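Asker: Before I ask anything, here is the structure I am working with.
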Amino acid sequence: MFKGPLSLNGNNFDFYKGLEAKYGKFYMMEELLAEEALFTYEEDEDFKDSIARNIIGNIRGDDYAQYYTKDEFSAFRSRFFSFIGTGIKVSDQDGHIIITQVISDSSAEKAGIKAGDIVVSVNGNKASSVSELRKMLEGDKGDSFKIELERDGKKIETEVKLTEISDDTVSYGVYKKDESVGIIKVISFAQGTVKDFEAAYEKLKEKGCNKLIIDLRNNPGGKESEGLDFADALLPACNIIIEKDGKDKETVHKSDADRIEMDYVILVNGNSASASEIVASAVKGNKSGSIVGEKTYGKGLIQRVYSFGDGSGFKYTCGEYFGPNGEKIQGKGVEPDVVADDKSVIEEAVRVLNASAKN
């Protein structure tokens with residue numbers, strides 16, 4: 001958690017005084033047992049993790065609080081943040097470690113690695129499991145590794161580097177039945193999602209689209225800041241959400257006047273949650289576009305993520321957000337303007353867009 005020496009100023013003194021009051025006896029028990037106990041005392045590898053999980057377990061009513069070990073936290077961060085890695089995703093299949101995905105523009109893609117390749121070794125060392133492979137590929141930005149792969153029965157050797165990468169969360173295309181309509185699918189709100197959305201929007205404009213479907217179905221959310229920026233890109237100057245912390249302090253997040261030029265609809269369903277609901281509630285509350293689909297999940301809580309120096313981390317709920325007019329989202333969700341199931345939702349969205357264009 002801390003790096004380097006600490007001067008004993010007032011803040012540090014209060015910190016260590018609190019530490020001693022809460023956890024001093026446990027430390028003393030360990031010291032005495034290690035030094036004097038007749039029977040051998042050995043600290044279990046999971047001892048610190050167990051303590052951390054117990055602390056999380058004592059938070060009453062916070063279903064989203066969670067402690068992560070180093071490996072768990074690394075996997076969690078890779079879902080929502082840029083991270084240092086080679087750009088491969090793998091799984092254990094029939095005793096082999098198989099490449100299941102190669103992230104676009106990553107070191108792995110540039111090295112010619114493909115989904116379906118079998119990982120044979122890293123720097124000449126064989127990995128027996130996915131977790132072991134991950135440890136082999138740990139290091140600092142710029143570190144390189146020689147990887148031996150097997151593809152169609154042939155051995156291939158290549159080299160990858162650890163670089164800063166982010167997973168793709170946005171895909172787009174033109175609706176085949178009406179080429180004036182573009183579709184942008186957002187699978188989660190991670191670092192860079194808004195930037196990728198804006199790039200996709202410009203590409204669709206170049207293709208001649210003047211109406212837009214934004215698909216947030218099955219989007220579980222992610223970074224609050226990306227959800228707010230995403231809503232800002234869709235809205236004129238107005239309130240996006242109202243946020244309250246644990247002490248009922250209110251913060252109103254607002255958008256500026258700049259917004260996309262196309263008419264749009266938002267697609268949602270029961271698995272659209274968190275940051276997806278920030279966008280849906282803001283659009284609906286400000287009557288900036290139509291919401292089509294099914295009622296959203298109903299997660300109006302905000303989590304803060306904290307990381308420790310040993311690579312572990314935890315998240316906990318620090319606030320609740322409400323729609324731009326104070327509408328409660330937690331436990332209630334966002335009701336669509338037009339109800340449609342997944343089979344008919346695209347056609348219904350196109351109908352709504354075309355009707356809007358005529359008015």
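Chain labels A, B, ... are given in the sequence in which chains occur in the structure tokens; within each chain residues are numbered consecutively from 1, and ligands are likewise numbered from 1 in the order shown.
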Excluding same-chain residues fewer than 5 positions from Asn123 of chain A, what lies within 8 Å of it counting only C-alpha atoms, as a list of chain:residue names?

Answerer: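 My list of contacting residues is A:Phe145, A:Lys146, A:Ile147.
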
Asker: Taking the backbone alone, and naming residues the way the document does, which bits of segment 72-204 of chain A are helix (DSSP H, G or I) by DSSP, as a PyMOL selection string?

Answerer: chain A and resi 72-80+107-110+130-136+193-204

Asker: From the list A:Glu43, A:Glu327, A:Glu320, A:Asp14, which residue is nearest Arg304 of chain A when using only C-alpha atoms?

Answerer: A:Glu320

Asker: Could you write out, as a list of chain:residue names, all the residues of segment 218-280 of chain A that DSSP marks as strand (DSSP E or B)?

Answerer: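 Here is the list: A:Gly222, A:Cys238, A:Asn239, A:Ile240, A:Ile241, A:Ile242, A:Glu243, A:Lys244, A:Asp245, A:Glu250, A:Thr251, A:Val252, A:His253, A:Lys254, A:Ser255, A:Asp263, A:Tyr264, A:Val265, A:Ile266, A:Leu267, A:Val268.
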
Asker: For the residues in the current selection, export N, CA, C and O atoms as a short mmCIF file (atom, residue, chain, number, x, y, z; two decimals), in the first residue's frame.

Answerer:
```
data_model
loop_
_atom_site.label_atom_id
_atom_site.label_comp_id
_atom_site.auth_asym_id
_atom_site.auth_seq_id
_atom_site.Cartn_x
_atom_site.Cartn_y
_atom_site.Cartn_z
N GLY A 222 -20.08 -0.61 -16.17
CA GLY A 222 -18.63 -0.46 -16.13
C GLY A 222 -18.25 0.83 -15.46
O GLY A 222 -18.75 1.16 -14.38
N CYS A 238 -27.99 19.89 -20.28
CA CYS A 238 -29.05 19.44 -19.37
C CYS A 238 -28.44 18.64 -18.24
O CYS A 238 -27.22 18.40 -18.21
N ASN A 239 -29.27 18.19 -17.29
CA ASN A 239 -28.81 17.29 -16.24
C ASN A 239 -28.69 15.87 -16.79
O ASN A 239 -29.58 15.42 -17.52
N ILE A 240 -27.61 15.18 -16.43
CA ILE A 240 -27.47 13.77 -16.81
C ILE A 240 -28.02 12.89 -15.69
O ILE A 240 -28.98 12.15 -15.88
N ILE A 241 -27.42 12.98 -14.52
CA ILE A 241 -27.91 12.25 -13.34
C ILE A 241 -27.69 13.10 -12.10
O ILE A 241 -26.93 14.07 -12.10
N ILE A 242 -28.36 12.71 -11.04
CA ILE A 242 -28.14 13.29 -9.71
C ILE A 242 -27.52 12.19 -8.85
O ILE A 242 -28.07 11.09 -8.75
N GLU A 243 -26.38 12.49 -8.26
CA GLU A 243 -25.65 11.49 -7.47
C GLU A 243 -25.66 11.87 -5.99
O GLU A 243 -25.47 13.04 -5.64
N LYS A 244 -25.91 10.88 -5.11
CA LYS A 244 -25.88 11.10 -3.67
C LYS A 244 -24.87 10.16 -3.03
O LYS A 244 -24.83 8.97 -3.34
N ASP A 245 -24.04 10.70 -2.12
CA ASP A 245 -23.09 9.84 -1.43
C ASP A 245 -23.69 9.34 -0.12
O ASP A 245 -24.88 9.54 0.15
N GLU A 250 -25.42 15.84 -2.49
CA GLU A 250 -25.85 15.71 -3.88
C GLU A 250 -24.83 16.33 -4.84
O GLU A 250 -24.30 17.40 -4.58
N THR A 251 -24.60 15.62 -5.95
CA THR A 251 -23.80 16.15 -7.05
C THR A 251 -24.62 15.98 -8.32
O THR A 251 -25.09 14.88 -8.61
N VAL A 252 -24.82 17.06 -9.05
CA VAL A 252 -25.57 17.00 -10.31
C VAL A 252 -24.58 16.99 -11.46
O VAL A 252 -23.79 17.92 -11.62
N HIS A 253 -24.59 15.90 -12.24
CA HIS A 253 -23.72 15.80 -13.41
C HIS A 253 -24.48 16.36 -14.61
O HIS A 253 -25.61 15.97 -14.88
N LYS A 254 -23.83 17.28 -15.32
CA LYS A 254 -24.49 17.97 -16.44
C LYS A 254 -23.75 17.69 -17.76
O LYS A 254 -22.56 17.39 -17.76
N SER A 255 -24.48 17.83 -18.84
CA SER A 255 -23.88 17.73 -20.18
C SER A 255 -23.73 19.13 -20.76
O SER A 255 -24.41 20.08 -20.33
N ASP A 263 -30.73 11.56 -35.37
CA ASP A 263 -31.79 11.04 -34.50
C ASP A 263 -31.38 9.64 -34.08
O ASP A 263 -30.79 8.88 -34.87
N TYR A 264 -31.69 9.26 -32.85
CA TYR A 264 -31.25 7.95 -32.36
C TYR A 264 -32.28 7.34 -31.43
O TYR A 264 -33.12 8.03 -30.87
N VAL A 265 -32.19 6.02 -31.29
CA VAL A 265 -32.92 5.29 -30.27
C VAL A 265 -31.93 4.44 -29.48
O VAL A 265 -30.88 4.06 -30.01
N ILE A 266 -32.27 4.15 -28.23
CA ILE A 266 -31.45 3.31 -27.36
C ILE A 266 -32.18 1.99 -27.16
O ILE A 266 -33.35 1.98 -26.79
N LEU A 267 -31.48 0.88 -27.39
CA LEU A 267 -32.05 -0.44 -27.13
C LEU A 267 -31.58 -0.93 -25.77
O LEU A 267 -30.38 -0.88 -25.45
N VAL A 268 -32.52 -1.42 -24.95
CA VAL A 268 -32.19 -1.96 -23.63
C VAL A 268 -32.98 -3.22 -23.37
O VAL A 268 -33.98 -3.50 -24.03
#
```
